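Participant: Supplied in structure tokens, the structure appears directly below.
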Amino acid sequence: MPEVLSAPLVVEFPFTRSLGPVQSAFLTGLRERVVLGVRTTDGRTLVPPVEYDPVTAEEIRDLVEVAPTGTVTTWAWNHAPRRGQPLTTPFAWVLVRLDGADTALLHALDAPGPDAVRTGMRVRVRWAAERTGAITDIACFEPYEGEAVAPGGHSGAFADPLTGIVAPARLDYTYSPGRAQSAYIHALSERRTVGERCPSCRKVYVPPRGACPTCGVATAEQVEVGPRGTVTTFCIVNIKAAHTANLDIEVPYVYAHIALDGADLALHARIGGIPYDQVRMGLRVEPVWTEGARYPDHYRPTGEPDADYETYKELL
Amino acid sequence: MTSEEAPGPRDIAVVAFAQTDHRRSTAESSEVEMVMPVLHDVLAQTGLRTADIGFTCSGSSDYLAGRAFSFTLALDGVGAWPPISESHVEMDGAWALYEAWTKLLTGDADTALVYSYGKCSPGLVRDVLTRQLDPYYVAPLWPDAVALAALQAQALMDAGLTDERALAAVGARSRADATANPHAQLKGRIPQGDHVVRPLRTGDCPPIGDGAAAVILAAGERARRLCARPAWIRGVDHRIEAHALGVRDLTDSPSTRLAAERAGAFERPVDTAELHAPFSSQEVVLRRALRLDDSVCVNPSGGALAANPVMAAGLIRIGEAAARIHRGASDRALAHATSGPCLQQNLVAVLEGDPR
């Protein structure tokens, strides 16, 4: 069995999120160094604020400013900060109940070590130098022995409130395609195409994924298919590719399902070497490889007579 | 039943359970390659073929795989042609079992195949799980799953409900019990280790691993024909806490207690409890919420501290509880599954064997 392949895979997405009135006021407030909570109908003040009462599910938007000082309600010492966390030096995760609030906010506490942290200790907000209207506008909390700071009584109305945030996310993976797909990719590196035959229904699947989706059993017998095949169906694409890797593909072009000889499932690929309006079902095609490519760039006509409809009608 | 009588709720049982060996990495297998053996195992136990299954439901998460709609690839393993009745939850498989149970309760199907899987090895699961948090106030801080559990553990210690020694004993007991579990990833004497996020040490945290599980449910007489001693589901319920961590009392789990009450767990004592507690401190919370005393055998499988394939570990709790009933080691068992940070969502199932 060839070596199972793996490769780094990065998933990154900048989630663009809209804000409701309460979240907008809270995050705009952070930008302006004001911490706002929301009052529930039973008189509790929730910080960070939510738009619906967690007990009654009633809509709430009675904003009230709370102090930038507060009390640690629980903590955990993080000696090895991870990417994206608020501080790069060891710190304590804390839940802090700000003065005037009845619930606690999660954030980081900058302290010299775990011995300097305890539940019940007094802390205050350390503001980030540059603030954009995000939870990270609070750089972290820091120990604070002084008097409680009285909140300013802000109404929660701002001249230029935020209406949305962009929340970037990045996750790093090492992707392994598993046994069947590794074998397929290996074969492609030798410009061969292999599928796998179902031991039950005898169909050959390309690319193989290790299971027959019809029978639900493992496929194992490798079968080399192609390189030639038959166009079973196609479409004409009139939209220019947005991805930089495909910018040199002129529209219109044809994207087709191609049943490689010996395969019972059609692959899809681009058709080249023939005007787009002359591509047809039954057209016989072969792969065109470019130097250093890991898969065929496109398929072009072989010049053979078209395949008879009866030979590929089951693969449509 | 005569035509005058209103039909009562149907009796539904877990009739088969299978799981993979749970390992740090299964890079040599794709998801479907990992799942297929357990699907074939439960089918073989019952003698059913895929075409005999009335309803199929799965649980998994795209965030573990790093790919959109990754569960559709695993569907190749169930033989989805001719068309089948199928559903998926982006949750632990315990919630897929809940959906299948309700489907069988409606009478729409007599049998169900439930499976779930998680490959934690491709990504950094501590970071991956941050993406399930509040995206406005919490996720931008990237608090990882261990950090959040550590906040809960410290709250328990401050409340005088546990200490580091008691937590270490939970881990040690779990891994000692896991020596009898051929599928477990961590077993035997495991050093308690250094702090990961204080107060939690390595020994308080679950192993990171890959694995899959499957169960078959069947209704009424069908269940009796498929299994010598079916594990009848007497009740299932699931509840969720407030979204914001700072709103909750982290030392308690009212959602677990309510789910247990609605599932009928408190009507009579249970002899076995399979608790989905990935962190030792969470077992402390769950034991209190479920009023489990020392007469109850807790996590004889080793629990999630011995093997924690994310998205399958909860379904495995139900499967382990059912398997004990199947082999006569239990008459009435409680199974619990959790999802989200600090036991945010909790599901409780009560299973019983026929009287002996």
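Convention: chains lettered A, B, ... in structure tokens order; per-chain residue numbering from 1; ligands numbered from 1 as shown.
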Give as a PyMOL selection string every residue of chain B that touches chain A within 6 Å, counting only C-alpha atoms.

Facilitator: chain B and resi 27-30+76-81+122-123+137+141-142+150-151+155+197-198+242+246-247

Participant: Please dump the current selection as a PDB file, in the first residue's frame; keep N, CA and C atoms.

Facilitator:
ATOM      1  N   ALA B  27      -4.828   8.758  10.544  1.00  0.00           N
ATOM      2  CA  ALA B  27      -4.545   9.447   9.279  1.00  0.00           C
ATOM      3  C   ALA B  27      -4.661   8.506   8.078  1.00  0.00           C
ATOM      4  N   GLU B  28      -4.508   7.198   8.327  1.00  0.00           N
ATOM      5  CA  GLU B  28      -4.557   6.264   7.203  1.00  0.00           C
ATOM      6  C   GLU B  28      -5.986   6.031   6.706  1.00  0.00           C
ATOM      7  N   SER B  29      -6.975   6.505   7.457  1.00  0.00           N
ATOM      8  CA  SER B  29      -8.370   6.275   7.063  1.00  0.00           C
ATOM      9  C   SER B  29      -9.090   7.593   6.825  1.00  0.00           C
ATOM     10  N   SER B  30      -9.929   7.630   5.807  1.00  0.00           N
ATOM     11  CA  SER B  30     -10.864   8.738   5.675  1.00  0.00           C
ATOM     12  C   SER B  30     -12.002   8.493   6.660  1.00  0.00           C
ATOM     13  N   ASP B  76     -21.544   7.459   2.257  1.00  0.00           N
ATOM     14  CA  ASP B  76     -21.211   6.366   1.342  1.00  0.00           C
ATOM     15  C   ASP B  76     -21.188   5.026   2.084  1.00  0.00           C
ATOM     16  N   GLY B  77     -20.923   5.079   3.378  1.00  0.00           N
ATOM     17  CA  GLY B  77     -20.796   3.854   4.151  1.00  0.00           C
ATOM     18  C   GLY B  77     -22.111   3.183   4.494  1.00  0.00           C
ATOM     19  N   VAL B  78     -23.237   3.889   4.296  1.00  0.00           N
ATOM     20  CA  VAL B  78     -24.522   3.279   4.674  1.00  0.00           C
ATOM     21  C   VAL B  78     -25.305   2.765   3.468  1.00  0.00           C
ATOM     22  N   GLY B  79     -24.750   2.936   2.269  1.00  0.00           N
ATOM     23  CA  GLY B  79     -25.473   2.449   1.105  1.00  0.00           C
ATOM     24  C   GLY B  79     -26.748   3.246   0.876  1.00  0.00           C
ATOM     25  N   ALA B  80     -26.579   4.509   0.512  1.00  0.00           N
ATOM     26  CA  ALA B  80     -27.716   5.421   0.421  1.00  0.00           C
ATOM     27  C   ALA B  80     -28.475   5.289  -0.895  1.00  0.00           C
ATOM     28  N   TRP B  81     -28.357   4.156  -1.559  1.00  0.00           N
ATOM     29  CA  TRP B  81     -29.105   3.928  -2.777  1.00  0.00           C
ATOM     30  C   TRP B  81     -29.651   2.515  -2.766  1.00  0.00           C
ATOM     31  N   PRO B 122      -6.729  15.778  12.699  1.00  0.00           N
ATOM     32  CA  PRO B 122      -6.281  16.724  11.669  1.00  0.00           C
ATOM     33  C   PRO B 122      -6.066  18.145  12.185  1.00  0.00           C
ATOM     34  N   GLY B 123      -6.815  18.562  13.213  1.00  0.00           N
ATOM     35  CA  GLY B 123      -6.717  19.951  13.663  1.00  0.00           C
ATOM     36  C   GLY B 123      -6.244  20.035  15.100  1.00  0.00           C
ATOM     37  N   TYR B 137     -18.560  38.110  21.812  1.00  0.00           N
ATOM     38  CA  TYR B 137     -17.930  38.463  23.082  1.00  0.00           C
ATOM     39  C   TYR B 137     -16.862  37.469  23.523  1.00  0.00           C
ATOM     40  N   LEU B 141     -11.559  35.940  21.765  1.00  0.00           N
ATOM     41  CA  LEU B 141     -10.505  35.785  22.778  1.00  0.00           C
ATOM     42  C   LEU B 141      -9.840  34.410  22.692  1.00  0.00           C
ATOM     43  N   TRP B 142     -10.376  33.516  21.889  1.00  0.00           N
ATOM     44  CA  TRP B 142      -9.852  32.164  21.691  1.00  0.00           C
ATOM     45  C   TRP B 142      -9.648  31.398  23.001  1.00  0.00           C
ATOM     46  N   ALA B 150     -11.243  24.606  33.078  1.00  0.00           N
ATOM     47  CA  ALA B 150     -10.438  24.960  34.256  1.00  0.00           C
ATOM     48  C   ALA B 150     -11.136  26.035  35.088  1.00  0.00           C
ATOM     49  N   LEU B 151     -11.822  26.971  34.425  1.00  0.00           N
ATOM     50  CA  LEU B 151     -12.593  27.980  35.164  1.00  0.00           C
ATOM     51  C   LEU B 151     -13.671  27.298  36.007  1.00  0.00           C
ATOM     52  N   ALA B 155     -13.997  27.086  40.140  1.00  0.00           N
ATOM     53  CA  ALA B 155     -15.246  27.464  40.813  1.00  0.00           C
ATOM     54  C   ALA B 155     -15.683  26.359  41.774  1.00  0.00           C
ATOM     55  N   VAL B 197      -4.083  23.846  31.992  1.00  0.00           N
ATOM     56  CA  VAL B 197      -4.504  25.171  32.432  1.00  0.00           C
ATOM     57  C   VAL B 197      -4.895  24.976  33.892  1.00  0.00           C
ATOM     58  N   ARG B 198      -4.193  25.629  34.783  1.00  0.00           N
ATOM     59  CA  ARG B 198      -4.404  25.399  36.208  1.00  0.00           C
ATOM     60  C   ARG B 198      -5.813  25.801  36.621  1.00  0.00           C
ATOM     61  N   ALA B 242     -27.997  28.736  29.802  1.00  0.00           N
ATOM     62  CA  ALA B 242     -27.833  30.051  29.189  1.00  0.00           C
ATOM     63  C   ALA B 242     -26.517  30.066  28.396  1.00  0.00           C
ATOM     64  N   GLY B 246     -20.880  33.583  32.027  1.00  0.00           N
ATOM     65  CA  GLY B 246     -20.910  34.389  33.235  1.00  0.00           C
ATOM     66  C   GLY B 246     -22.287  34.515  33.849  1.00  0.00           C
ATOM     67  N   VAL B 247     -23.309  34.019  33.158  1.00  0.00           N
ATOM     68  CA  VAL B 247     -24.672  34.027  33.696  1.00  0.00           C
ATOM     69  C   VAL B 247     -24.904  32.783  34.541  1.00  0.00           C
TER      70      VAL B 247
END

Participant: With DSSP run on the backbone, what are the helix (DSSP H, G or I) residues within segment 90-305 of chain A? I'd like them as a list of chain:residue names.

Facilitator: A:Pro114, A:Asp115, A:Ala116, A:Ile135, A:Thr136, A:Asp137, A:Gly178, A:Arg179, A:Ala180, A:Gln181, A:Ser182, A:Ala183, A:Tyr184, A:Ile185, A:His186, A:Ala187, A:Leu188, A:Ser189, A:Thr244, A:Ala245, A:Asn246, A:Tyr276, A:Asp277, A:Gln278

Participant: Any idea what the distance is between atom CA of Ala213 of chain B and atom CA of Val270 of chain B?

Facilitator: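 Taking atom CA of Ala213 of chain B as the start and atom CA of Val270 of chain B as the end point, the length is 23.9 Å.
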
Participant: Using only C-alpha atoms, can you tell me which of B:Gly303, B:Gly220, B:Gly54, B:Gly314 comes closest to Ser339 of chain B?

Facilitator: B:Gly314

Participant: Between atom CA of Thr163 of chain A and atom CA of Arg44 of chain A, measure the distance and give it in Å to one decimal.

Facilitator: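 Between these atoms lies a distance of 25.9 Å.
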
Participant: Determine, counting only C-alpha atoms, which protein, DNA and RNA residues have an atom within 7 Å of an atom of segment 249-266 of chain B; residues of the same chain fewer than 6 positions away are not included. Present the result as a PDB file with N, CA, C and O atoms, in the first residue's frame.

Facilitator:
ATOM      1  N   GLN B 152     -14.298  26.286  35.411  1.00  0.00           N
ATOM      2  CA  GLN B 152     -15.339  25.544  36.125  1.00  0.00           C
ATOM      3  C   GLN B 152     -14.724  24.766  37.297  1.00  0.00           C
ATOM      4  O   GLN B 152     -15.280  24.738  38.400  1.00  0.00           O
ATOM      5  N   ALA B 155     -13.997  27.086  40.140  1.00  0.00           N
ATOM      6  CA  ALA B 155     -15.246  27.464  40.813  1.00  0.00           C
ATOM      7  C   ALA B 155     -15.683  26.359  41.774  1.00  0.00           C
ATOM      8  O   ALA B 155     -16.146  26.629  42.887  1.00  0.00           O
ATOM      9  N   LEU B 156     -15.516  25.097  41.364  1.00  0.00           N
ATOM     10  CA  LEU B 156     -15.868  23.969  42.235  1.00  0.00           C
ATOM     11  C   LEU B 156     -14.977  23.933  43.467  1.00  0.00           C
ATOM     12  O   LEU B 156     -15.424  23.666  44.577  1.00  0.00           O
ATOM     13  N   GLY B 235     -36.735   6.761  28.668  1.00  0.00           N
ATOM     14  CA  GLY B 235     -36.913   8.199  28.474  1.00  0.00           C
ATOM     15  C   GLY B 235     -35.625   8.829  27.993  1.00  0.00           C
ATOM     16  O   GLY B 235     -34.537   8.330  28.301  1.00  0.00           O
ATOM     17  N   VAL B 236     -35.758   9.882  27.210  1.00  0.00           N
ATOM     18  CA  VAL B 236     -34.602  10.702  26.815  1.00  0.00           C
ATOM     19  C   VAL B 236     -35.052  12.157  26.874  1.00  0.00           C
ATOM     20  O   VAL B 236     -36.177  12.479  26.483  1.00  0.00           O
ATOM     21  N   ASP B 237     -34.191  13.011  27.369  1.00  0.00           N
ATOM     22  CA  ASP B 237     -34.503  14.440  27.368  1.00  0.00           C
ATOM     23  C   ASP B 237     -33.187  15.198  27.272  1.00  0.00           C
ATOM     24  O   ASP B 237     -32.154  14.710  27.734  1.00  0.00           O
ATOM     25  N   HIS B 238     -33.226  16.367  26.639  1.00  0.00           N
ATOM     26  CA  HIS B 238     -32.007  17.187  26.631  1.00  0.00           C
ATOM     27  C   HIS B 238     -32.356  18.638  26.843  1.00  0.00           C
ATOM     28  O   HIS B 238     -33.400  19.118  26.418  1.00  0.00           O
ATOM     29  N   ARG B 239     -31.451  19.322  27.550  1.00  0.00           N
ATOM     30  CA  ARG B 239     -31.691  20.700  27.971  1.00  0.00           C
ATOM     31  C   ARG B 239     -30.412  21.511  27.795  1.00  0.00           C
ATOM     32  O   ARG B 239     -29.319  20.959  27.759  1.00  0.00           O
ATOM     33  N   ILE B 240     -30.567  22.817  27.745  1.00  0.00           N
ATOM     34  CA  ILE B 240     -29.412  23.693  27.524  1.00  0.00           C
ATOM     35  C   ILE B 240     -29.392  24.818  28.550  1.00  0.00           C
ATOM     36  O   ILE B 240     -30.443  25.282  28.983  1.00  0.00           O
ATOM     37  N   GLU B 241     -28.183  25.193  28.930  1.00  0.00           N
ATOM     38  CA  GLU B 241     -27.993  26.317  29.850  1.00  0.00           C
ATOM     39  C   GLU B 241     -27.969  27.631  29.066  1.00  0.00           C
ATOM     40  O   GLU B 241     -27.833  27.632  27.847  1.00  0.00           O
ATOM     41  N   VAL B 285     -19.535  17.683  38.990  1.00  0.00           N
ATOM     42  CA  VAL B 285     -20.776  18.436  38.763  1.00  0.00           C
ATOM     43  C   VAL B 285     -21.934  17.480  38.436  1.00  0.00           C
ATOM     44  O   VAL B 285     -23.034  17.597  38.987  1.00  0.00           O
ATOM     45  N   LEU B 286     -21.655  16.512  37.576  1.00  0.00           N
ATOM     46  CA  LEU B 286     -22.726  15.628  37.110  1.00  0.00           C
ATOM     47  C   LEU B 286     -23.208  14.692  38.223  1.00  0.00           C
ATOM     48  O   LEU B 286     -24.406  14.434  38.347  1.00  0.00           O
ATOM     49  N   ALA B 289     -25.535  16.752  40.257  1.00  0.00           N
ATOM     50  CA  ALA B 289     -26.783  17.090  39.562  1.00  0.00           C
ATOM     51  C   ALA B 289     -27.684  15.860  39.435  1.00  0.00           C
ATOM     52  O   ALA B 289     -28.913  15.973  39.477  1.00  0.00           O
ATOM     53  N   LEU B 290     -27.072  14.694  39.295  1.00  0.00           N
ATOM     54  CA  LEU B 290     -27.847  13.470  39.072  1.00  0.00           C
ATOM     55  C   LEU B 290     -28.070  12.682  40.358  1.00  0.00           C
ATOM     56  O   LEU B 290     -28.659  11.600  40.334  1.00  0.00           O
ATOM     57  N   LEU B 334     -28.291   4.783  33.465  1.00  0.00           N
ATOM     58  CA  LEU B 334     -28.438   6.165  33.003  1.00  0.00           C
ATOM     59  C   LEU B 334     -27.274   6.465  32.071  1.00  0.00           C
ATOM     60  O   LEU B 334     -26.131   6.094  32.365  1.00  0.00           O
ATOM     61  N   ASN B 346     -26.937  19.225  27.751  1.00  0.00           N
ATOM     62  CA  ASN B 346     -26.897  17.922  28.387  1.00  0.00           C
ATOM     63  C   ASN B 346     -28.091  17.077  27.988  1.00  0.00           C
ATOM     64  O   ASN B 346     -29.221  17.568  27.942  1.00  0.00           O
ATOM     65  N   LEU B 347     -27.804  15.828  27.703  1.00  0.00           N
ATOM     66  CA  LEU B 347     -28.831  14.857  27.323  1.00  0.00           C
ATOM     67  C   LEU B 347     -28.748  13.685  28.302  1.00  0.00           C
ATOM     68  O   LEU B 347     -27.653  13.237  28.644  1.00  0.00           O
ATOM     69  N   VAL B 348     -29.914  13.229  28.744  1.00  0.00           N
ATOM     70  CA  VAL B 348     -29.953  12.078  29.650  1.00  0.00           C
ATOM     71  C   VAL B 348     -30.908  11.035  29.077  1.00  0.00           C
ATOM     72  O   VAL B 348     -32.027  11.370  28.663  1.00  0.00           O
ATOM     73  N   ALA B 349     -30.444   9.810  29.033  1.00  0.00           N
ATOM     74  CA  ALA B 349     -31.282   8.691  28.604  1.00  0.00           C
ATOM     75  C   ALA B 349     -31.320   7.663  29.726  1.00  0.00           C
ATOM     76  O   ALA B 349     -30.325   7.448  30.411  1.00  0.00           O
ATOM     77  N   VAL B 350     -32.487   7.058  29.911  1.00  0.00           N
ATOM     78  CA  VAL B 350     -32.639   5.996  30.906  1.00  0.00           C
ATOM     79  C   VAL B 350     -32.957   4.703  30.163  1.00  0.00           C
ATOM     80  O   VAL B 350     -33.874   4.658  29.340  1.00  0.00           O
TER      81      VAL B 350
END

Participant: Quick one: residues within 9 Å of Asp11 of chain B, only C-alpha atoms, excluding same-chain residues fewer than 4 positions away - as a PyMOL selection string?

Facilitator: chain B and resi 105+218-221+223+232-234

Participant: Keeping only N, CA and C atoms, write those residues as a compact mmCIF listing (two decimals), in the first residue's frame.

Facilitator:
# COMPACT_ATOMS: atom_id res chain seq x y z
N LEU B 105 -40.70 6.73 17.66
CA LEU B 105 -41.90 6.96 18.48
C LEU B 105 -43.10 7.32 17.61
N ALA B 218 -34.54 -0.37 17.73
CA ALA B 218 -35.68 -1.08 17.15
C ALA B 218 -36.86 -0.97 18.10
N ALA B 219 -38.06 -1.05 17.53
CA ALA B 219 -39.29 -0.88 18.31
C ALA B 219 -39.94 -2.23 18.60
N GLY B 220 -40.48 -2.33 19.80
CA GLY B 220 -41.37 -3.43 20.18
C GLY B 220 -40.83 -4.81 19.90
N GLU B 221 -41.70 -5.64 19.30
CA GLU B 221 -41.34 -7.04 19.05
C GLU B 221 -40.13 -7.16 18.14
N ALA B 223 -37.52 -5.41 18.30
CA ALA B 223 -36.34 -5.35 19.16
C ALA B 223 -36.08 -6.71 19.80
N TRP B 232 -34.17 -1.24 26.75
CA TRP B 232 -35.34 -0.39 26.46
C TRP B 232 -35.07 1.03 26.89
N ILE B 233 -35.36 1.98 26.01
CA ILE B 233 -35.18 3.40 26.33
C ILE B 233 -36.44 3.87 27.05
N ARG B 234 -36.34 4.10 28.36
CA ARG B 234 -37.50 4.53 29.15
C ARG B 234 -37.75 6.03 29.00

Participant: Can you pull out every residue within 7 Å of segment 36-45 of chain B, counting only C-alpha atoms, but drop anything in the same chain fewer than 2 positions away, and send it as a PyMOL selection string?

Facilitator: chain B and resi 16-20+32-34+47-49+77+213-216
